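Okay, input.pdb is below, PDB, C-alpha atoms, pLDDT in the B column:
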MODEL        1
ATOM      1  CA  MET A   1     -13.789   2.707 -13.739  1.00 51.00           C
ATOM      2  CA  PHE A   2     -10.634   1.618 -11.922  1.00 54.00           C
ATOM      3  CA  CYS A   3      -8.721   4.805 -11.225  1.00 55.00           C
ATOM      4  CA  GLY A   4     -11.562   7.311 -11.503  1.00 49.00           C
ATOM      5  CA  GLU A   5      -9.821   9.424 -14.150  1.00 55.00           C
ATOM      6  CA  VAL A   6     -12.169  11.519 -16.259  1.00 56.00           C
ATOM      7  CA  ASN A   7     -10.978  12.610 -19.687  1.00 59.00           C
ATOM      8  CA  GLU A   8     -12.996  13.827 -22.677  1.00 61.00           C
ATOM      9  CA  LYS A   9     -10.779  11.709 -24.961  1.00 61.00           C
ATOM     10  CA  PHE A  10     -12.434   8.655 -23.412  1.00 54.00           C
ATOM     11  CA  VAL A  11     -15.752   9.620 -25.050  1.00 57.00           C
ATOM     12  CA  LYS A  12     -14.206   9.691 -28.510  1.00 56.00           C
ATOM     13  CA  GLN A  13     -11.725   6.850 -28.252  1.00 62.00           C
ATOM     14  CA  GLY A  14     -13.089   4.822 -25.371  1.00 64.00           C
ATOM     15  CA  PHE A  15     -11.235   3.592 -22.340  1.00 63.00           C
ATOM     16  CA  GLU A  16      -9.262   0.911 -24.143  1.00 63.00           C
ATOM     17  CA  MET A  17      -6.067   2.933 -24.685  1.00 64.00           C
ATOM     18  CA  HIS A  18      -6.192   4.236 -21.126  1.00 60.00           C
ATOM     19  CA  TYR A  19      -6.570   0.697 -19.773  1.00 58.00           C
ATOM     20  CA  TRP A  20      -3.911  -0.717 -22.083  1.00 57.00           C
ATOM     21  CA  LYS A  21      -1.279   1.984 -21.640  1.00 68.00           C
ATOM     22  CA  SER A  22      -1.738   4.280 -18.663  1.00 65.00           C
ATOM     23  CA  CYS A  23      -4.282   3.376 -15.952  1.00 78.00           C
ATOM     24  CA  ALA A  24      -2.281   3.290 -12.700  1.00 83.00           C
ATOM     25  CA  MET A  25      -4.536   0.582 -11.271  1.00 81.00           C
ATOM     26  CA  LEU A  26      -3.787  -1.848 -14.119  1.00 87.00           C
ATOM     27  CA  LYS A  27      -0.796  -3.567 -15.689  1.00 91.00           C
ATOM     28  CA  GLN A  28      -0.007  -6.048 -18.394  1.00 91.00           C
ATOM     29  CA  CYS A  29       0.604  -9.569 -17.131  1.00 94.00           C
ATOM     30  CA  HIS A  30       4.285 -10.329 -17.732  1.00 92.00           C
ATOM     31  CA  GLU A  31       3.348 -13.867 -18.795  1.00 94.00           C
ATOM     32  CA  CYS A  32       0.180 -13.808 -20.930  1.00 95.00           C
ATOM     33  CA  LYS A  33       0.108 -10.056 -21.727  1.00 93.00           C
ATOM     34  CA  GLN A  34      -3.521  -9.575 -20.623  1.00 93.00           C
ATOM     35  CA  VAL A  35      -4.333  -6.295 -18.897  1.00 91.00           C
ATOM     36  CA  ILE A  36      -5.154  -7.060 -15.256  1.00 92.00           C
ATOM     37  CA  GLU A  37      -5.704  -5.174 -12.034  1.00 91.00           C
ATOM     38  CA  ILE A  38      -2.501  -4.935 -10.035  1.00 91.00           C
ATOM     39  CA  ALA A  39      -4.473  -5.815  -6.905  1.00 90.00           C
ATOM     40  CA  VAL A  40      -5.329  -9.260  -8.301  1.00 92.00           C
ATOM     41  CA  GLN A  41      -2.062 -10.077 -10.051  1.00 95.00           C
ATOM     42  CA  ASN A  42      -1.296 -13.018  -7.762  1.00 94.00           C
ATOM     43  CA  ASP A  43      -4.772 -14.515  -8.182  1.00 95.00           C
ATOM     44  CA  HIS A  44      -4.486 -14.051 -11.946  1.00 97.00           C
ATOM     45  CA  LEU A  45      -1.153 -15.902 -12.094  1.00 96.00           C
ATOM     46  CA  LEU A  46      -2.476 -18.722  -9.893  1.00 96.00           C
ATOM     47  CA  THR A  47      -5.931 -19.239 -11.432  1.00 96.00           C
ATOM     48  CA  GLU A  48      -6.520 -17.431 -14.752  1.00 96.00           C
ATOM     49  CA  CYS A  49      -3.255 -17.000 -16.614  1.00 97.00           C
ATOM     50  CA  GLN A  50      -2.507 -19.458 -19.385  1.00 97.00           C
ATOM     51  CA  TYR A  51       0.835 -20.009 -17.608  1.00 96.00           C
ATOM     52  CA  LYS A  52      -0.754 -20.768 -14.217  1.00 96.00           C
ATOM     53  CA  SER A  53       0.834 -24.234 -14.153  1.00 94.00           C
ATOM     54  CA  GLN A  54       4.211 -22.506 -13.694  1.00 93.00           C
ATOM     55  CA  TYR A  55       3.085 -20.767 -10.475  1.00 92.00           C
ATOM     56  CA  LYS A  56       2.266 -21.713  -6.917  1.00 90.00           C
ATOM     57  CA  LYS A  57       1.247 -19.681  -3.899  1.00 90.00           C
ATOM     58  CA  CYS A  58       4.042 -19.048  -1.437  1.00 87.00           C
ATOM     59  CA  PRO A  59       2.885 -20.284   1.987  1.00 82.00           C
ATOM     60  CA  ARG A  60       4.802 -17.515   3.759  1.00 82.00           C
ATOM     61  CA  CYS A  61       4.109 -14.334   1.761  1.00 85.00           C
ATOM     62  CA  THR A  62       1.124 -15.617  -0.324  1.00 86.00           C
ATOM     63  CA  GLU A  63       2.549 -14.249  -3.579  1.00 88.00           C
ATOM     64  CA  ALA A  64       2.506 -16.238  -6.815  1.00 91.00           C
ATOM     65  CA  ILE A  65       6.002 -17.579  -7.407  1.00 88.00           C
ATOM     66  CA  ASN A  66       7.330 -19.195 -10.550  1.00 88.00           C
ATOM     67  CA  VAL A  67       8.137 -22.822  -9.811  1.00 85.00           C
ATOM     68  CA  SER A  68       9.506 -23.714 -13.242  1.00 81.00           C
ATOM     69  CA  ASN A  69      13.056 -22.972 -12.060  1.00 69.00           C
ATOM     70  CA  ALA A  70      14.297 -24.427  -8.773  1.00 64.00           C
ATOM     71  CA  GLN A  71      16.851 -21.601  -8.399  1.00 63.00           C
ATOM     72  CA  ASP A  72      14.023 -19.051  -8.478  1.00 62.00           C
ATOM     73  CA  ASN A  73      12.280 -20.888  -5.637  1.00 66.00           C
ATOM     74  CA  ASP A  74      15.400 -20.794  -3.451  1.00 68.00           C
ATOM     75  CA  PHE A  75      15.969 -17.135  -4.272  1.00 74.00           C
ATOM     76  CA  HIS A  76      12.369 -16.239  -3.437  1.00 75.00           C
ATOM     77  CA  PHE A  77      12.511 -17.709   0.045  1.00 70.00           C
ATOM     78  CA  LYS A  78      15.857 -16.083   0.819  1.00 72.00           C
ATOM     79  CA  ALA A  79      14.907 -12.674  -0.590  1.00 68.00           C
ATOM     80  CA  LYS A  80      13.655  -9.848   1.584  1.00 63.00           C
ATOM     81  CA  GLN A  81      10.501  -9.667  -0.527  1.00 58.00           C
ATOM     82  CA  CYS A  82       9.302 -12.950   0.947  1.00 79.00           C
ATOM     83  CA  ALA A  83       7.925 -11.506   4.148  1.00 76.00           C
ATOM     84  CA  PRO A  84       4.799 -12.809   5.847  1.00 81.00           C
ATOM     85  CA  ILE A  85       1.599 -11.095   4.789  1.00 79.00           C
ATOM     86  CA  ASP A  86      -0.478  -9.153   7.272  1.00 77.00           C
ATOM     87  CA  LYS A  87      -3.480 -11.489   7.517  1.00 75.00           C
ATOM     88  CA  LYS A  88      -5.884  -8.530   7.734  1.00 76.00           C
ATOM     89  CA  GLY A  89      -4.374  -6.569   4.851  1.00 80.00           C
ATOM     90  CA  ASN A  90      -3.218  -6.559   1.272  1.00 87.00           C
ATOM     91  CA  LYS A  91       0.260  -6.984  -0.138  1.00 88.00           C
ATOM     92  CA  CYS A  92       1.383  -5.130  -3.254  1.00 91.00           C
ATOM     93  CA  PRO A  93       2.778  -7.522  -5.889  1.00 92.00           C
ATOM     94  CA  LEU A  94       4.948  -4.721  -7.302  1.00 91.00           C
ATOM     95  CA  CYS A  95       6.846  -3.528  -4.204  1.00 89.00           C
ATOM     96  CA  HIS A  96       5.997  -6.507  -1.928  1.00 87.00           C
ATOM     97  CA  ASN A  97       4.918  -4.261   0.976  1.00 88.00           C
ATOM     98  CA  ASN A  98       1.908  -4.829   3.198  1.00 88.00           C
ATOM     99  CA  ILE A  99      -0.383  -1.893   2.445  1.00 89.00           C
ATOM    100  CA  GLY A 100      -3.392  -2.219   4.720  1.00 86.00           C
ATOM    101  CA  THR A 101      -7.019  -3.218   4.497  1.00 85.00           C
ATOM    102  CA  GLY A 102      -9.724  -2.408   1.983  1.00 82.00           C
ATOM    103  CA  GLU A 103     -10.007  -1.371  -1.640  1.00 81.00           C
ATOM    104  CA  GLU A 104      -9.256   2.311  -1.038  1.00 85.00           C
ATOM    105  CA  VAL A 105      -5.730   1.459   0.156  1.00 89.00           C
ATOM    106  CA  TRP A 106      -4.986   0.115  -3.324  1.00 89.00           C
ATOM    107  CA  LYS A 107      -5.875   3.421  -4.940  1.00 86.00           C
ATOM    108  CA  THR A 108      -3.830   5.385  -2.418  1.00 88.00           C
ATOM    109  CA  HIS A 109      -0.887   3.015  -2.711  1.00 90.00           C
ATOM    110  CA  LEU A 110      -0.865   2.723  -6.507  1.00 89.00           C
ATOM    111  CA  MET A 111      -1.804   6.298  -7.421  1.00 84.00           C
ATOM    112  CA  GLY A 112      -0.843   8.514  -4.485  1.00 84.00           C
ATOM    113  CA  PRO A 113       2.147  10.853  -4.603  1.00 83.00           C
ATOM    114  CA  ASN A 114       3.849   8.818  -1.856  1.00 83.00           C
ATOM    115  CA  GLY A 115       2.567   5.521  -3.212  1.00 82.00           C
ATOM    116  CA  CYS A 116       4.239   2.546  -4.821  1.00 90.00           C
ATOM    117  CA  ALA A 117       7.562   3.481  -6.384  1.00 90.00           C
ATOM    118  CA  LYS A 118       7.414   0.318  -8.507  1.00 91.00           C
ATOM    119  CA  ASN A 119       4.206   1.378 -10.299  1.00 87.00           C
ATOM    120  CA  THR A 120       5.514   2.610 -13.638  1.00 82.00           C
ATOM    121  CA  ARG A 121       2.072   3.904 -14.628  1.00 78.00           C
ATOM    122  CA  LYS A 122       1.600   6.119 -11.567  1.00 72.00           C
ATOM    123  CA  SER A 123       2.861   9.235 -13.312  1.00 63.00           C
ATOM    124  CA  PHE A 124       0.383   8.859 -16.192  1.00 47.00           C
ATOM    125  CA  SER A 125      -2.817   9.069 -14.141  1.00 45.00           C
ATOM    126  CA  ASN A 126      -4.238  12.066 -12.372  1.00 43.00           C
ATOM    127  CA  SER A 127      -5.295  12.111  -8.746  1.00 40.00           C
ATOM    128  CA  VAL A 128      -8.837  10.966  -8.141  1.00 39.00           C
ATOM    129  CA  PRO A 129     -11.451  11.962  -5.618  1.00 34.00           C
ATOM    130  CA  GLU A 130     -11.233   9.848  -2.491  1.00 37.00           C
ATOM    131  CA  ASP A 131     -14.847   8.689  -2.742  1.00 37.00           C
ATOM    132  CA  GLN A 132     -14.300   6.790  -6.001  1.00 35.00           C
ATOM    133  CA  THR A 133     -13.339   3.128  -5.795  1.00 35.00           C
ATOM    134  CA  PRO A 134     -12.749   0.429  -8.411  1.00 37.00           C
ATOM    135  CA  ALA A 135     -15.973  -1.227  -9.542  1.00 36.00           C
ATOM    136  CA  LYS A 136     -14.600  -4.541 -10.822  1.00 36.00           C
ATOM    137  CA  LYS A 137     -12.206  -7.148  -9.518  1.00 37.00           C
ATOM    138  CA  SER A 138     -10.492  -7.897 -12.838  1.00 38.00           C
ATOM    139  CA  ILE A 139     -10.640  -6.909 -16.464  1.00 46.00           C
ATOM    140  CA  SER A 140      -8.654  -9.824 -17.776  1.00 41.00           C
ATOM    141  CA  ARG A 141     -10.498 -11.198 -20.753  1.00 37.00           C
ATOM    142  CA  LYS A 142     -10.296 -14.662 -22.181  1.00 36.00           C
TER     143      LYS A 142
ENDMDL
END

Write out the structure in this file as structure tokens.
Amino acid sequence: MFCGEVNEKFVKQGFEMHYWKSCAMLKQCHECKQVIEIAVQNDHLLTECQYKSQYKKCPRCTEAINVSNAQDNDFHFKAKQCAPIDKKGNKCPLCHNNIGTGEEVWKTHLMGPNGCAKNTRKSFSNSVPEDQTPAKKSISRK
């Protein structure tokens, strides 16, 4: 559903293991351990995560930053990763780069051979046809 991978094992075992372990479009939240779409990680940390009270939205780069430690706040603003977001595009929460506009850019960025080097799941998923796009915004479950 997210990455477009087709595998006959999914019929027998379902998608759960793929989602949990290898889908290149998903990751486990480092705070609450829910499986979430990488594209909505910042929104998850700010609005859904059980640890959302520890996060605020950076006014410059729009990423969710942990505010529970004042040193982390200072580091975030001084770090190169805190670059203004392209107002018309998306910003990857893994590599902190502006990646362009639309949902298809996420698939290209997270799964493509020249895509996000910080996506540890990229090597597990196969390439997908360009006409397939993610159908849901988030799979985090409460």

For this session: Could you state which residues are captured by the PyMOL selection byres ((chain A and resi 92-106) around 7) in this file, as JSON, numbers by chain?
Result: {"A": [39, 41, 81, 85, 86, 88, 89, 90, 91, 107, 108, 109, 110, 116, 118, 119, 133]}

For this session: List the neighbours of Lys122 of chain A out to 9 Å using all atoms listed in the file; skip same-chain residues closer than 5 positions along the sequence, and give me the result as a ChimeraX atom specification.
Result: /A:22-25,110-113,115-117

For this session: Would you work out the distance separating atom CA of Lys52 of chain A from atom CA of His30 of chain A, expressed in Å to one decimal?
Result: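 Separation of atom CA of Lys52 of chain A and atom CA of His30 of chain A: 12.1 Å.
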
For this session: Between atom CA of Arg121 of chain A and atom CA of Cys29 of chain A, measure the distance and give it in Å to one decimal.
Result: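 Between atom CA of Arg121 of chain A and atom CA of Cys29 of chain A the gap is 13.8 Å.
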
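For the residues A:Phe77, A:Asn42, A:Gln50, A:Ala83, ranking by smallest atom-to-atom distance to Ala64 of chain A using all atoms listed in the file places A:Asn42 first.
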
For this session: Run the PyMOL selection byres ((chain A and resi 54) around 8) against the file shown and list the residues it catches, as a ChimeraX atom specification.
Result: /A:51-53,55-56,66-68

Could you rebuild segment 104-125 of chain A with N, CA, C and O atoms and give me the result as a PDB file, in the coordinates of the input?
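Output (part_9.pdb):
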ATOM      1  N   GLU A 104      -9.760   0.943  -0.920  1.00 85.00           N
ATOM      2  CA  GLU A 104      -9.256   2.311  -1.038  1.00 85.00           C
ATOM      3  C   GLU A 104      -7.741   2.374  -0.840  1.00 85.00           C
ATOM      4  O   GLU A 104      -7.078   3.221  -1.430  1.00 85.00           O
ATOM      5  N   VAL A 105      -7.181   1.453  -0.047  1.00 89.00           N
ATOM      6  CA  VAL A 105      -5.730   1.459   0.156  1.00 89.00           C
ATOM      7  C   VAL A 105      -4.991   1.175  -1.146  1.00 89.00           C
ATOM      8  O   VAL A 105      -3.885   1.672  -1.355  1.00 89.00           O
ATOM      9  N   TRP A 106      -5.613   0.390  -2.023  1.00 89.00           N
ATOM     10  CA  TRP A 106      -4.986   0.115  -3.324  1.00 89.00           C
ATOM     11  C   TRP A 106      -4.845   1.392  -4.132  1.00 89.00           C
ATOM     12  O   TRP A 106      -3.797   1.674  -4.708  1.00 89.00           O
ATOM     13  N   LYS A 107      -5.904   2.182  -4.170  1.00 86.00           N
ATOM     14  CA  LYS A 107      -5.875   3.421  -4.940  1.00 86.00           C
ATOM     15  C   LYS A 107      -4.832   4.381  -4.366  1.00 86.00           C
ATOM     16  O   LYS A 107      -4.047   4.965  -5.100  1.00 86.00           O
ATOM     17  N   THR A 108      -4.806   4.510  -3.062  1.00 88.00           N
ATOM     18  CA  THR A 108      -3.830   5.385  -2.418  1.00 88.00           C
ATOM     19  C   THR A 108      -2.411   4.886  -2.677  1.00 88.00           C
ATOM     20  O   THR A 108      -1.521   5.659  -3.022  1.00 88.00           O
ATOM     21  N   HIS A 109      -2.217   3.588  -2.532  1.00 90.00           N
ATOM     22  CA  HIS A 109      -0.887   3.015  -2.711  1.00 90.00           C
ATOM     23  C   HIS A 109      -0.411   3.099  -4.166  1.00 90.00           C
ATOM     24  O   HIS A 109       0.737   3.440  -4.431  1.00 90.00           O
ATOM     25  N   LEU A 110      -1.280   2.781  -5.108  1.00 89.00           N
ATOM     26  CA  LEU A 110      -0.865   2.723  -6.507  1.00 89.00           C
ATOM     27  C   LEU A 110      -0.865   4.070  -7.215  1.00 89.00           C
ATOM     28  O   LEU A 110      -0.145   4.261  -8.193  1.00 89.00           O
ATOM     29  N   MET A 111      -1.672   5.032  -6.721  1.00 84.00           N
ATOM     30  CA  MET A 111      -1.804   6.298  -7.421  1.00 84.00           C
ATOM     31  C   MET A 111      -1.329   7.502  -6.624  1.00 84.00           C
ATOM     32  O   MET A 111      -1.110   8.567  -7.198  1.00 84.00           O
ATOM     33  N   GLY A 112      -1.193   7.373  -5.332  1.00 84.00           N
ATOM     34  CA  GLY A 112      -0.843   8.514  -4.485  1.00 84.00           C
ATOM     35  C   GLY A 112       0.573   9.011  -4.716  1.00 84.00           C
ATOM     36  O   GLY A 112       1.442   8.265  -5.177  1.00 84.00           O
ATOM     37  N   PRO A 113       0.815  10.270  -4.400  1.00 83.00           N
ATOM     38  CA  PRO A 113       2.147  10.853  -4.603  1.00 83.00           C
ATOM     39  C   PRO A 113       3.240  10.148  -3.797  1.00 83.00           C
ATOM     40  O   PRO A 113       4.391  10.119  -4.206  1.00 83.00           O
ATOM     41  N   ASN A 114       2.886   9.563  -2.672  1.00 83.00           N
ATOM     42  CA  ASN A 114       3.849   8.818  -1.856  1.00 83.00           C
ATOM     43  C   ASN A 114       3.624   7.321  -1.968  1.00 83.00           C
ATOM     44  O   ASN A 114       4.043   6.558  -1.102  1.00 83.00           O
ATOM     45  N   GLY A 115       2.934   6.919  -3.034  1.00 82.00           N
ATOM     46  CA  GLY A 115       2.567   5.521  -3.212  1.00 82.00           C
ATOM     47  C   GLY A 115       3.690   4.670  -3.781  1.00 82.00           C
ATOM     48  O   GLY A 115       4.866   5.047  -3.747  1.00 82.00           O
ATOM     49  N   CYS A 116       3.320   3.571  -4.343  1.00 90.00           N
ATOM     50  CA  CYS A 116       4.239   2.546  -4.821  1.00 90.00           C
ATOM     51  C   CYS A 116       5.241   3.091  -5.845  1.00 90.00           C
ATOM     52  O   CYS A 116       4.868   3.522  -6.931  1.00 90.00           O
ATOM     53  N   ALA A 117       6.501   3.022  -5.488  1.00 90.00           N
ATOM     54  CA  ALA A 117       7.562   3.481  -6.384  1.00 90.00           C
ATOM     55  C   ALA A 117       7.762   2.528  -7.558  1.00 90.00           C
ATOM     56  O   ALA A 117       8.345   2.904  -8.570  1.00 90.00           O
ATOM     57  N   LYS A 118       7.259   1.317  -7.446  1.00 91.00           N
ATOM     58  CA  LYS A 118       7.414   0.318  -8.507  1.00 91.00           C
ATOM     59  C   LYS A 118       6.297   0.391  -9.554  1.00 91.00           C
ATOM     60  O   LYS A 118       6.345  -0.325 -10.538  1.00 91.00           O
ATOM     61  N   ASN A 119       5.303   1.249  -9.340  1.00 87.00           N
ATOM     62  CA  ASN A 119       4.206   1.378 -10.299  1.00 87.00           C
ATOM     63  C   ASN A 119       4.634   2.339 -11.402  1.00 87.00           C
ATOM     64  O   ASN A 119       4.607   3.552 -11.229  1.00 87.00           O
ATOM     65  N   THR A 120       5.014   1.789 -12.534  1.00 82.00           N
ATOM     66  CA  THR A 120       5.514   2.610 -13.638  1.00 82.00           C
ATOM     67  C   THR A 120       4.429   3.458 -14.286  1.00 82.00           C
ATOM     68  O   THR A 120       4.734   4.413 -14.982  1.00 82.00           O
ATOM     69  N   ARG A 121       3.173   3.132 -14.048  1.00 78.00           N
ATOM     70  CA  ARG A 121       2.072   3.904 -14.628  1.00 78.00           C
ATOM     71  C   ARG A 121       1.598   5.036 -13.727  1.00 78.00           C
ATOM     72  O   ARG A 121       0.769   5.826 -14.128  1.00 78.00           O
ATOM     73  N   LYS A 122       2.094   5.136 -12.524  1.00 72.00           N
ATOM     74  CA  LYS A 122       1.600   6.119 -11.567  1.00 72.00           C
ATOM     75  C   LYS A 122       1.667   7.533 -12.109  1.00 72.00           C
ATOM     76  O   LYS A 122       0.755   8.321 -11.908  1.00 72.00           O
ATOM     77  N   SER A 123       2.694   7.870 -12.820  1.00 63.00           N
ATOM     78  CA  SER A 123       2.861   9.235 -13.312  1.00 63.00           C
ATOM     79  C   SER A 123       1.906   9.586 -14.444  1.00 63.00           C
ATOM     80  O   SER A 123       1.713  10.747 -14.745  1.00 63.00           O
ATOM     81  N   PHE A 124       1.285   8.590 -15.076  1.00 47.00           N
ATOM     82  CA  PHE A 124       0.383   8.859 -16.192  1.00 47.00           C
ATOM     83  C   PHE A 124      -1.011   9.259 -15.749  1.00 47.00           C
ATOM     84  O   PHE A 124      -1.721   9.931 -16.451  1.00 47.00           O
ATOM     85  N   SER A 125      -1.446   8.816 -14.581  1.00 45.00           N
ATOM     86  CA  SER A 125      -2.817   9.069 -14.141  1.00 45.00           C
ATOM     87  C   SER A 125      -2.882  10.267 -13.219  1.00 45.00           C
ATOM     88  O   SER A 125      -1.948  10.565 -12.490  1.00 45.00           O
TER      89      SER A 125
END
